[in-house]
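Trainee: Contents are CSV, C-alpha atoms and all ligand atoms; file name query_15.csv:
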chain,number,residue,atom,x,y,z
A,2,MET,CA,13.1,-10.4,6.0
A,3,ARG,CA,15.8,-7.9,5.0
A,4,ILE,CA,15.6,-4.6,6.9
A,5,LEU,CA,17.5,-1.3,6.2
A,6,VAL,CA,18.0,0.8,9.3
A,7,VAL,CA,18.8,4.4,8.6
A,8,GLU,CA,19.8,6.0,11.9
A,9,ASP,CA,22.7,8.3,12.8
A,10,ASP,CA,22.4,7.8,16.6
A,11,VAL,CA,25.0,5.1,17.1
A,12,LEU,CA,23.6,3.7,20.3
A,13,LEU,CA,20.1,3.4,19.0
A,14,GLY,CA,21.3,2.0,15.6
A,15,GLU,CA,23.3,-0.7,17.4
A,16,GLY,CA,20.4,-1.5,19.6
A,17,LEU,CA,18.1,-1.9,16.6
A,18,VAL,CA,20.5,-4.0,14.7
A,19,THR,CA,21.0,-6.4,17.7
A,20,ALA,CA,17.3,-6.7,18.4
A,21,LEU,CA,16.3,-7.3,14.7
A,22,LYS,CA,19.1,-9.9,14.2
A,23,ARG,CA,18.1,-11.7,17.3
A,24,GLN,CA,14.7,-12.3,15.8
A,25,GLY,CA,16.2,-13.6,12.6
A,26,ASP,CA,16.1,-10.7,10.2
A,27,ALA,CA,18.9,-9.6,7.9
A,28,VAL,CA,19.8,-6.1,8.9
A,29,ASP,CA,21.8,-3.4,7.1
A,30,TRP,CA,22.6,-0.2,8.9
A,31,LEU,CA,23.4,3.2,7.3
A,32,GLN,CA,23.9,6.5,9.1
A,33,ASP,CA,23.0,9.2,6.5
A,34,GLY,CA,20.4,9.9,3.9
A,35,VAL,CA,22.6,9.9,0.8
A,36,SER,CA,24.0,6.4,1.5
A,37,ALA,CA,20.4,5.2,2.2
A,38,ILE,CA,19.2,6.4,-1.2
A,39,ALA,CA,22.2,4.7,-2.9
A,40,ALA,CA,21.5,1.4,-1.1
A,41,LEU,CA,17.7,1.6,-1.9
A,42,ARG,CA,18.5,2.1,-5.6
A,43,SER,CA,20.8,-0.9,-5.8
A,44,GLU,CA,19.4,-3.4,-3.3
A,45,GLU,CA,16.0,-4.9,-2.4
A,46,PHE,CA,14.7,-4.5,1.1
A,47,ASP,CA,11.5,-5.7,2.7
A,48,LEU,CA,11.3,-2.8,5.1
A,49,VAL,CA,13.0,0.5,6.0
A,50,LEU,CA,13.3,2.0,9.5
A,51,LEU,CA,14.0,5.7,8.8
A,52,ASP,CA,15.1,8.4,11.1
A,53,LEU,CA,14.1,11.9,10.1
A,54,GLY,CA,17.1,13.9,11.4
A,55,LEU,CA,20.0,12.6,9.4
A,56,PRO,CA,23.2,14.0,8.0
A,57,ARG,CA,23.7,14.9,4.3
A,58,LEU,CA,20.0,14.3,3.4
A,59,ASP,CA,17.2,14.1,6.0
A,60,GLY,CA,14.5,11.5,6.2
A,61,TYR,CA,12.0,13.7,4.3
A,62,GLY,CA,14.5,13.9,1.4
A,63,VAL,CA,15.0,10.1,1.5
A,64,MET,CA,11.2,9.5,1.4
A,65,THR,CA,10.7,11.9,-1.4
A,66,ALA,CA,13.4,10.4,-3.6
A,67,LEU,CA,12.3,6.9,-2.7
A,68,ARG,CA,8.7,7.3,-3.7
A,69,ALA,CA,9.5,9.5,-6.7
A,70,SER,CA,11.6,6.5,-8.0
A,71,GLY,CA,8.5,4.3,-7.7
A,72,ASN,CA,9.9,2.2,-4.8
A,73,ARG,CA,7.0,0.9,-2.7
A,74,VAL,CA,9.1,-0.6,0.1
A,75,PRO,CA,7.3,-0.2,3.5
A,76,VAL,CA,8.8,2.6,5.5
A,77,LEU,CA,8.5,3.1,9.3
A,78,VAL,CA,9.6,6.5,10.4
A,79,LEU,CA,11.4,6.8,13.7
A,80,THR,CA,11.9,10.3,15.0
A,81,ALA,CA,12.3,12.5,18.1
A,82,ARG,CA,10.1,15.0,16.4
A,83,ASP,CA,6.7,14.7,17.9
A,84,GLN,CA,5.0,17.6,16.4
A,85,VAL,CA,1.8,16.7,14.6
A,86,GLY,CA,3.0,18.7,11.6
A,87,ASP,CA,6.1,16.5,11.3
A,88,ARG,CA,4.1,13.3,11.5
A,89,VAL,CA,1.6,14.5,8.9
A,90,ARG,CA,4.4,15.5,6.5
A,91,GLY,CA,6.2,12.2,6.9
A,92,LEU,CA,3.0,10.2,6.2
A,93,ASP,CA,2.1,12.5,3.3
A,94,LEU,CA,5.5,11.8,1.7
A,95,GLY,CA,4.6,8.1,1.7
A,96,ALA,CA,5.8,6.7,5.1
A,97,ASP,CA,3.6,3.7,6.1
A,98,ASP,CA,3.9,4.2,9.9
A,99,TYR,CA,5.4,6.4,12.5
A,100,LEU,CA,7.0,5.9,15.9
A,101,VAL,CA,8.1,8.7,18.2
A,102,LYS,CA,11.4,8.2,20.2
A,103,PRO,CA,11.8,7.0,22.8
A,104,PHE,CA,9.7,4.0,21.8
A,105,ASP,CA,9.2,0.6,23.3
A,106,LEU,CA,11.2,-2.1,21.4
A,107,ASN,CA,8.3,-4.6,21.6
A,108,GLU,CA,6.0,-2.1,20.1
A,109,LEU,CA,8.5,-1.4,17.3
A,110,LEU,CA,8.8,-5.1,16.6
A,111,ALA,CA,5.0,-5.6,16.5
A,112,ARG,CA,4.6,-2.7,14.1
A,113,ILE,CA,7.3,-4.1,11.8
A,114,ARG,CA,5.4,-7.4,11.7
A,115,ALA,CA,2.2,-5.6,11.0
A,116,LEU,CA,3.7,-3.6,8.1
A,117,HIS,CA,5.4,-6.7,6.6
A,118,ARG,CA,2.1,-8.6,6.9
A,119,ARG,CA,0.2,-5.9,5.1
A,120,ALA,CA,2.9,-5.7,2.4
A,121,GLN,CA,2.6,-9.4,1.9
A,122,GLY,CA,-1.2,-9.3,1.9
A,123,GLN,CA,-1.4,-11.6,4.9
A,124,THR,CA,-4.2,-11.2,7.5
A,125,SER,CA,-2.6,-13.2,10.3
A,126,ASN,CA,0.9,-13.3,11.8
A,127,VAL,CA,1.1,-17.0,11.1
A,128,ILE,CA,2.3,-17.9,7.6
A,129,ALA,CA,0.6,-21.0,6.2
A,130,TYR,CA,2.0,-23.2,3.4
A,131,GLY,CA,0.3,-26.5,2.9
A,132,GLU,CA,0.7,-28.3,6.3
A,133,LEU,CA,3.6,-26.0,7.3
A,134,ARG,CA,3.0,-23.1,9.7
A,135,LEU,CA,5.5,-20.4,10.5
A,136,ASP,CA,5.0,-17.9,13.3
A,137,PRO,CA,7.7,-15.3,13.1
A,138,ALA,CA,6.7,-13.4,16.3
A,139,ALA,CA,7.0,-16.6,18.4
A,140,HIS,CA,9.8,-18.1,16.1
A,141,LEU,CA,7.7,-21.3,15.9
A,142,CYS,CA,7.6,-23.7,13.0
A,143,THR,CA,5.2,-26.7,12.8
A,144,TYR,CA,4.7,-29.3,10.1
A,145,LYS,CA,1.7,-31.5,10.2
A,146,GLY,CA,1.1,-30.2,13.7
A,147,ARG,CA,4.6,-31.3,14.9
A,148,MET,CA,7.0,-28.7,16.2
A,149,ILE,CA,10.2,-28.3,14.1
A,150,ASP,CA,13.3,-26.9,15.7
A,151,LEU,CA,14.8,-24.4,13.4
A,152,PRO,CA,17.8,-22.1,14.2
A,153,ARG,CA,17.5,-18.4,13.3
A,154,ARG,CA,19.0,-18.6,9.8
A,155,GLU,CA,17.1,-21.7,8.8
A,156,PHE,CA,13.9,-20.1,9.9
A,157,ALA,CA,14.6,-16.9,8.0
A,158,LEU,CA,15.5,-18.8,4.9
A,159,LEU,CA,12.4,-20.9,5.0
A,160,ARG,CA,10.2,-17.8,5.6
A,161,CYS,CA,11.8,-16.0,2.7
A,162,LEU,CA,11.2,-19.0,0.3
A,163,VAL,CA,7.6,-19.6,1.5
A,164,GLU,CA,6.7,-15.9,1.3
A,165,ASN,CA,7.9,-16.0,-2.3
A,166,ALA,CA,6.3,-19.3,-3.2
A,167,GLY,CA,5.9,-19.8,-6.9
A,168,ARG,CA,8.8,-17.6,-7.7
A,169,VAL,CA,12.4,-18.6,-8.4
A,170,LEU,CA,14.8,-16.6,-6.1
A,171,THR,CA,18.3,-16.2,-7.3
A,172,ARG,CA,21.0,-17.3,-5.0
A,173,ASP,CA,22.2,-13.7,-4.6
A,174,ALA,CA,18.6,-12.5,-3.7
A,175,VAL,CA,18.3,-15.2,-1.1
A,176,VAL,CA,21.7,-14.4,0.4
A,177,GLN,CA,20.9,-10.7,0.6
A,178,LYS,CA,17.5,-11.3,2.1
A,179,VAL,CA,18.6,-13.8,4.7
A,180,TYR,CA,22.1,-12.8,5.5
A,181,GLY,CA,22.4,-9.0,4.6
A,182,TRP,CA,25.8,-7.4,3.8
A,183,ASP,CA,27.8,-7.8,6.9
A,184,GLU,CA,27.5,-11.4,7.9
A,185,THR,CA,30.7,-13.5,7.6
A,186,LEU,CA,29.1,-16.0,5.4
A,187,GLU,CA,30.7,-19.4,4.7
A,188,SER,CA,30.6,-20.0,0.9
A,189,ASN,CA,28.4,-23.0,1.3
A,190,ALA,CA,26.2,-21.8,4.2
A,191,LEU,CA,23.1,-21.4,2.1
A,192,GLU,CA,23.4,-24.9,0.6
A,193,VAL,CA,23.9,-26.3,4.1
A,194,HIS,CA,20.8,-24.5,5.4
A,195,VAL,CA,18.7,-25.7,2.4
A,196,HIS,CA,19.9,-29.3,3.1
A,197,HIS,CA,18.9,-29.1,6.8
A,198,LEU,CA,15.4,-27.7,5.9
A,199,ARG,CA,14.8,-30.5,3.4
A,200,LYS,CA,15.8,-33.1,6.0
A,201,LYS,CA,13.8,-31.6,8.8
A,202,LEU,CA,10.7,-31.0,6.6
A,203,TYR,CA,10.5,-32.9,3.3
A,204,PRO,CA,12.9,-33.1,0.4
A,205,GLU,CA,10.6,-31.8,-2.3
A,206,LEU,CA,9.8,-28.6,-0.4
A,207,ILE,CA,12.7,-26.6,-1.8
A,208,ARG,CA,13.6,-27.1,-5.4
A,209,THR,CA,17.1,-26.2,-6.7
A,210,ILE,CA,16.9,-24.4,-10.0
A,211,ARG,CA,20.3,-25.3,-11.4
A,212,GLY,CA,22.5,-22.3,-12.2
A,213,VAL,CA,19.8,-19.9,-10.8
A,214,GLY,CA,18.7,-20.4,-7.3
A,215,TYR,CA,15.9,-21.9,-5.3
A,216,MET,CA,12.1,-22.0,-5.1
A,217,VAL,CA,9.2,-23.5,-3.3
A,218,GLU,CA,6.1,-24.3,-5.5
A,219,ALA,CA,3.1,-22.0,-5.4
A,220,ALA,CA,1.1,-22.7,-2.3
A,221,PRO,CA,-0.5,-26.2,-2.6
B,301,CA,CA,18.9,11.5,14.0
Have the structure of the file written as structure tokens, please.
Mentor:
Amino acid sequence: MRILVVEDDVLLGEGLVTALKRQGDAVDWLQDGVSAIAALRSEEFDLVLLDLGLPRLDGYGVMTALRASGNRVPVLVLTARDQVGDRVRGLDLGADDYLVKPFDLNELLARIRALHRRAQGQTSNVIAYGELRLDPAAHLCTYKGRMIDLPRREFALLRCLVENAGRVLTRDAVVQKVYGWDETLESNALEVHVHHLRKKLYPELIRTIRGVGYMVEAAP
């Protein structure tokens, strides 16, 4: 999934980006509230990690503007403020969850999975599509009960397509969701990853919609 991290603490921001990328997410990182609002207006994210104490516009301001614009993206607030009043205010403004710093990285990752699952209407961590099973927490993929070895990017791409089964995703949308802004992306990387997935799973799984992008059919 594609995650926006809004955090002005450089050490923490770098740590979050590294941890999230390691588990295959596309991560974009911004350090102030005004840039965050601009990015959220122009790009589509699956989840936002939002610090409250930010330069230019604080996290409350970002939440207010975000929800006022009708954007329903799940937001997990990260903050050093541990007063009950701050938590209540953040949640009242439309945050979906709350974690007080310093937090345990594994707890953060588990909460991210839970929020994403809820947003996708899933009840289990394992994503099922026909005889395909994807477990993002364990980074496991099986097809017809057989383990399929998928590198990080192929796993992220497959997950993105399966979670959007029945919808055509434009090439740009897929690139944004799987690779984010700052990856040095070879121009044919996406096509290569699609090719590998078809070979490792089955050719008809991913359809190319000529001139538009890719899709997998609605769940069988
Ligand atoms: Ca801060």
Trainee: Compute the set of protein, DNA and RNA residues whose minimum atom distance to ligand CA 301 (chain B) is at most 6 Å, using all atoms listed in the file, and state it as number ranges by chain.
Mentor: A: 8-10, 52, 54-55
Trainee: Smallest atom-to-atom distance to A:Ile38: which of A:Ala174, A:Val18, A:Met2, A:Met64, using all atoms listed in the file?
Mentor: A:Met64
Trainee: Could you name the residues that touch A:Ser70 at 10 Å or less, counting all atoms listed in the file, but leaving out those on the same chain fewer than 4 positions away, as a list in words?
Mentor: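 My reading of the contact set: Leu41, Arg42, Met64, Thr65 and Ala66 of chain A.
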Trainee: Need the shell around stretch 57-63 of chain A: protein/DNA/RNA residues with any atom at most 8 Å away, counting all atoms listed in the file. Skip same-chain ones fewer than 6 positions apart. Format as a PyMOL selection string?
Mentor: chain A and resi 33-35+37-38+51+91+94
Trainee: Could you write out that same residue set with C-alpha atoms as a compact mmCIF listing (two decimals), in the coordinates of the input?
Mentor:
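Output below, filename out.txt:
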# COMPACT_ATOMS: atom_id res chain seq x y z
CA ASP A 33 23.00 9.20 6.50
CA GLY A 34 20.40 9.90 3.90
CA VAL A 35 22.60 9.90 0.80
CA ALA A 37 20.40 5.20 2.20
CA ILE A 38 19.20 6.40 -1.20
CA LEU A 51 14.00 5.70 8.80
CA GLY A 91 6.20 12.20 6.90
CA LEU A 94 5.50 11.80 1.70
Trainee: Select, counting only C-alpha atoms, all protein, DNA and RNA residues no farther than 12 Å from (22.4, -19.2, -8.4) in file coordinates, and express the selection as JSON, numbers by chain.
Mentor: {"A": [169, 170, 171, 172, 173, 174, 175, 176, 191, 192, 209, 210, 211, 212, 213, 214, 215, 216]}
Trainee: Create the file for the chosen residues now, containing C-alpha atoms and written as a short mmCIF file (atom, residue, chain, number, x, y, z; two decimals), in the coordinates of the input.
Mentor:
data_model
loop_
_atom_site.label_atom_id
_atom_site.label_comp_id
_atom_site.auth_asym_id
_atom_site.auth_seq_id
_atom_site.Cartn_x
_atom_site.Cartn_y
_atom_site.Cartn_z
CA VAL A 169 12.40 -18.60 -8.40
CA LEU A 170 14.80 -16.60 -6.10
CA THR A 171 18.30 -16.20 -7.30
CA ARG A 172 21.00 -17.30 -5.00
CA ASP A 173 22.20 -13.70 -4.60
CA ALA A 174 18.60 -12.50 -3.70
CA VAL A 175 18.30 -15.20 -1.10
CA VAL A 176 21.70 -14.40 0.40
CA LEU A 191 23.10 -21.40 2.10
CA GLU A 192 23.40 -24.90 0.60
CA THR A 209 17.10 -26.20 -6.70
CA ILE A 210 16.90 -24.40 -10.00
CA ARG A 211 20.30 -25.30 -11.40
CA GLY A 212 22.50 -22.30 -12.20
CA VAL A 213 19.80 -19.90 -10.80
CA GLY A 214 18.70 -20.40 -7.30
CA TYR A 215 15.90 -21.90 -5.30
CA MET A 216 12.10 -22.00 -5.10
#
Trainee: Considering only C-alpha atoms, can you say which of A:Leu186, A:Ala115, A:Val76, A:Ala157 comes closest to A:Asp26?
Mentor: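 Looking only at the distances to A:Asp26, the closest residue turns out to be A:Ala157.
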Trainee: Which residue gives the smallest distance to A:Gln123 among A:Glu164, A:Asp150, A:Asp29, A:Asp97, with only C-alpha atoms counted?
Mentor: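 Of the candidates, the smallest distance to A:Gln123 is held by A:Glu164.
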Trainee: Would you mind telling me which residue in A:Ala166, A:Val89, A:Gln84, A:Leu106 lies nearest to A:Thr19 when using all atoms listed in the file?
Mentor: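 That would be A:Leu106, the residue with the smallest distance to A:Thr19.
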Trainee: For atom CA of A:Asp105 and atom CA of A:Glu15, quote the distance in Å rounded to one decimal.
Mentor: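 According to the coordinates, atom CA of A:Asp105 and atom CA of A:Glu15 are separated by 15.3 Å.
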Trainee: Can you work out which one of A:Ala39, A:Val179, A:Cys142, A:Met148 has the shortest atom-to-atom distance to A:Ile4, counting only C-alpha atoms?
Mentor: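 Residue with the minimum atom-to-atom distance to A:Ile4: A:Val179.
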Trainee: Can you pull out every residue within 12 Å of A:Gln24, counting all atoms listed in the file, but drop anything in the same chain fewer than 5 positions away, and send it as a PyMOL selection string?
Mentor: chain A and resi 2-4+17-19+107+110-111+113-114+136-141+152-157+179
Trainee: Taking (20.0, -6.1, -1.6) in the file's coordinates as the center, which residues reach within 6 Å of it, counting only C-alpha atoms, put as a PyMOL selection string?
Mentor: chain A and resi 44-45+177
Trainee: Pick out the closest residue to A:Ser43 from this set: A:Asn72, A:Ala190, A:Pro56, A:Arg134. Count all atoms listed in the file.
Mentor: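 Among the listed residues, A:Asn72 lies closest to A:Ser43.
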Trainee: Just the residues within 6 Å of A:Thr80, please, counting all atoms listed in the file, with nothing from its chain fewer than 3 positions along; format it as a PyMOL selection string.
Mentor: chain A and resi 52-53+101-102
Trainee: Next, write the just-selected residues to a file, as an mmCIF file, in the coordinates of the input, keeping C-alpha atoms as the atom set.
Mentor:
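Done, and the output landed in out.cif:
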data_model
loop_
_atom_site.group_PDB
_atom_site.id
_atom_site.type_symbol
_atom_site.label_atom_id
_atom_site.label_comp_id
_atom_site.auth_asym_id
_atom_site.auth_seq_id
_atom_site.Cartn_x
_atom_site.Cartn_y
_atom_site.Cartn_z
ATOM 1 C CA ASP A 52 15.100 8.400 11.100
ATOM 2 C CA LEU A 53 14.100 11.900 10.100
ATOM 3 C CA VAL A 101 8.100 8.700 18.200
ATOM 4 C CA LYS A 102 11.400 8.200 20.200
#
Trainee: Between atom CA of A:Glu205 and atom CA of A:Gln121, what is the distance in Å, rounded to a tenth?
Mentor: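 Interatomic distance here is 24.2 Å.
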Trainee: Quick one: pull the distance between atom CA of A:Leu31 and atom CA of A:Leu5, Å, one decimal.
Mentor: 7.5 Å
Trainee: List as a PDB file with C-alpha atoms, in the frame of the given file the protein and nucleic acid residues near A:Tyr130, meaning an atom at most 10 Å away when all atoms listed in the file are counted, but skip any in the same chain fewer than 2 places from it.
Mentor:
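Okay, this is what ended up in out_9.pdb:
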ATOM      1  CA  VAL A 127       1.100 -17.000  11.100  1.00  0.00           C
ATOM      2  CA  ILE A 128       2.300 -17.900   7.600  1.00  0.00           C
ATOM      3  CA  GLU A 132       0.700 -28.300   6.300  1.00  0.00           C
ATOM      4  CA  LEU A 133       3.600 -26.000   7.300  1.00  0.00           C
ATOM      5  CA  ARG A 134       3.000 -23.100   9.700  1.00  0.00           C
ATOM      6  CA  LEU A 135       5.500 -20.400  10.500  1.00  0.00           C
ATOM      7  CA  TYR A 144       4.700 -29.300  10.100  1.00  0.00           C
ATOM      8  CA  VAL A 163       7.600 -19.600   1.500  1.00  0.00           C
ATOM      9  CA  GLU A 164       6.700 -15.900   1.300  1.00  0.00           C
ATOM     10  CA  ALA A 166       6.300 -19.300  -3.200  1.00  0.00           C
ATOM     11  CA  VAL A 217       9.200 -23.500  -3.300  1.00  0.00           C
ATOM     12  CA  GLU A 218       6.100 -24.300  -5.500  1.00  0.00           C
ATOM     13  CA  ALA A 219       3.100 -22.000  -5.400  1.00  0.00           C
ATOM     14  CA  ALA A 220       1.100 -22.700  -2.300  1.00  0.00           C
ATOM     15  CA  PRO A 221      -0.500 -26.200  -2.600  1.00  0.00           C
TER      16      PRO A 221
END
Trainee: Starting from the incomplete input, reconstruct N, CA and C atoms of stretch 13-30 of chain A and report them as a PDB file, in the frame of the given file.
Mentor:
ATOM      1  N   LEU A  13      21.391   3.911  19.377  1.00  0.00           N
ATOM      2  CA  LEU A  13      20.100   3.400  19.000  1.00  0.00           C
ATOM      3  C   LEU A  13      20.245   2.462  17.755  1.00  0.00           C
ATOM      4  N   GLY A  14      21.110   2.862  16.813  1.00  0.00           N
ATOM      5  CA  GLY A  14      21.300   2.000  15.600  1.00  0.00           C
ATOM      6  C   GLY A  14      21.825   0.637  16.025  1.00  0.00           C
ATOM      7  N   GLU A  15      22.801   0.603  16.936  1.00  0.00           N
ATOM      8  CA  GLU A  15      23.300  -0.700  17.400  1.00  0.00           C
ATOM      9  C   GLU A  15      22.267  -1.518  18.079  1.00  0.00           C
ATOM     10  N   GLY A  16      21.457  -0.847  18.900  1.00  0.00           N
ATOM     11  CA  GLY A  16      20.400  -1.500  19.600  1.00  0.00           C
ATOM     12  C   GLY A  16      19.381  -2.159  18.650  1.00  0.00           C
ATOM     13  N   LEU A  17      19.033  -1.398  17.614  1.00  0.00           N
ATOM     14  CA  LEU A  17      18.100  -1.900  16.600  1.00  0.00           C
ATOM     15  C   LEU A  17      18.623  -3.089  15.867  1.00  0.00           C
ATOM     16  N   VAL A  18      19.889  -2.953  15.443  1.00  0.00           N
ATOM     17  CA  VAL A  18      20.500  -4.000  14.700  1.00  0.00           C
ATOM     18  C   VAL A  18      20.524  -5.321  15.518  1.00  0.00           C
ATOM     19  N   THR A  19      20.922  -5.209  16.774  1.00  0.00           N
ATOM     20  CA  THR A  19      21.000  -6.400  17.700  1.00  0.00           C
ATOM     21  C   THR A  19      19.605  -7.006  17.828  1.00  0.00           C
ATOM     22  N   ALA A  20      18.592  -6.167  18.105  1.00  0.00           N
ATOM     23  CA  ALA A  20      17.300  -6.700  18.400  1.00  0.00           C
ATOM     24  C   ALA A  20      16.671  -7.374  17.120  1.00  0.00           C
ATOM     25  N   LEU A  21      16.885  -6.765  15.955  1.00  0.00           N
ATOM     26  CA  LEU A  21      16.300  -7.300  14.700  1.00  0.00           C
ATOM     27  C   LEU A  21      17.021  -8.619  14.335  1.00  0.00           C
ATOM     28  N   LYS A  22      18.349  -8.632  14.488  1.00  0.00           N
ATOM     29  CA  LYS A  22      19.100  -9.900  14.200  1.00  0.00           C
ATOM     30  C   LYS A  22      18.680 -10.994  15.073  1.00  0.00           C
ATOM     31  N   ARG A  23      18.441 -10.659  16.342  1.00  0.00           N
ATOM     32  CA  ARG A  23      18.100 -11.700  17.300  1.00  0.00           C
ATOM     33  C   ARG A  23      16.788 -12.384  16.868  1.00  0.00           C
ATOM     34  N   GLN A  24      15.888 -11.637  16.198  1.00  0.00           N
ATOM     35  CA  GLN A  24      14.700 -12.300  15.800  1.00  0.00           C
ATOM     36  C   GLN A  24      14.771 -12.864  14.346  1.00  0.00           C
ATOM     37  N   GLY A  25      15.991 -12.911  13.824  1.00  0.00           N
ATOM     38  CA  GLY A  25      16.200 -13.600  12.600  1.00  0.00           C
ATOM     39  C   GLY A  25      16.186 -12.809  11.318  1.00  0.00           C
ATOM     40  N   ASP A  26      16.089 -11.491  11.441  1.00  0.00           N
ATOM     41  CA  ASP A  26      16.100 -10.700  10.200  1.00  0.00           C
ATOM     42  C   ASP A  26      17.490 -10.357   9.776  1.00  0.00           C
ATOM     43  N   ALA A  27      17.648 -10.142   8.484  1.00  0.00           N
ATOM     44  CA  ALA A  27      18.900  -9.600   7.900  1.00  0.00           C
ATOM     45  C   ALA A  27      18.846  -8.122   8.030  1.00  0.00           C
ATOM     46  N   VAL A  28      19.843  -7.514   8.647  1.00  0.00           N
ATOM     47  CA  VAL A  28      19.800  -6.100   8.900  1.00  0.00           C
ATOM     48  C   VAL A  28      20.994  -5.377   8.312  1.00  0.00           C
ATOM     49  N   ASP A  29      20.768  -4.304   7.572  1.00  0.00           N
ATOM     50  CA  ASP A  29      21.800  -3.400   7.100  1.00  0.00           C
ATOM     51  C   ASP A  29      21.606  -2.065   7.723  1.00  0.00           C
ATOM     52  N   TRP A  30      22.684  -1.435   8.154  1.00  0.00           N
ATOM     53  CA  TRP A  30      22.600  -0.200   8.900  1.00  0.00           C
ATOM     54  C   TRP A  30      23.369   0.913   8.225  1.00  0.00           C
TER      55      TRP A  30
END
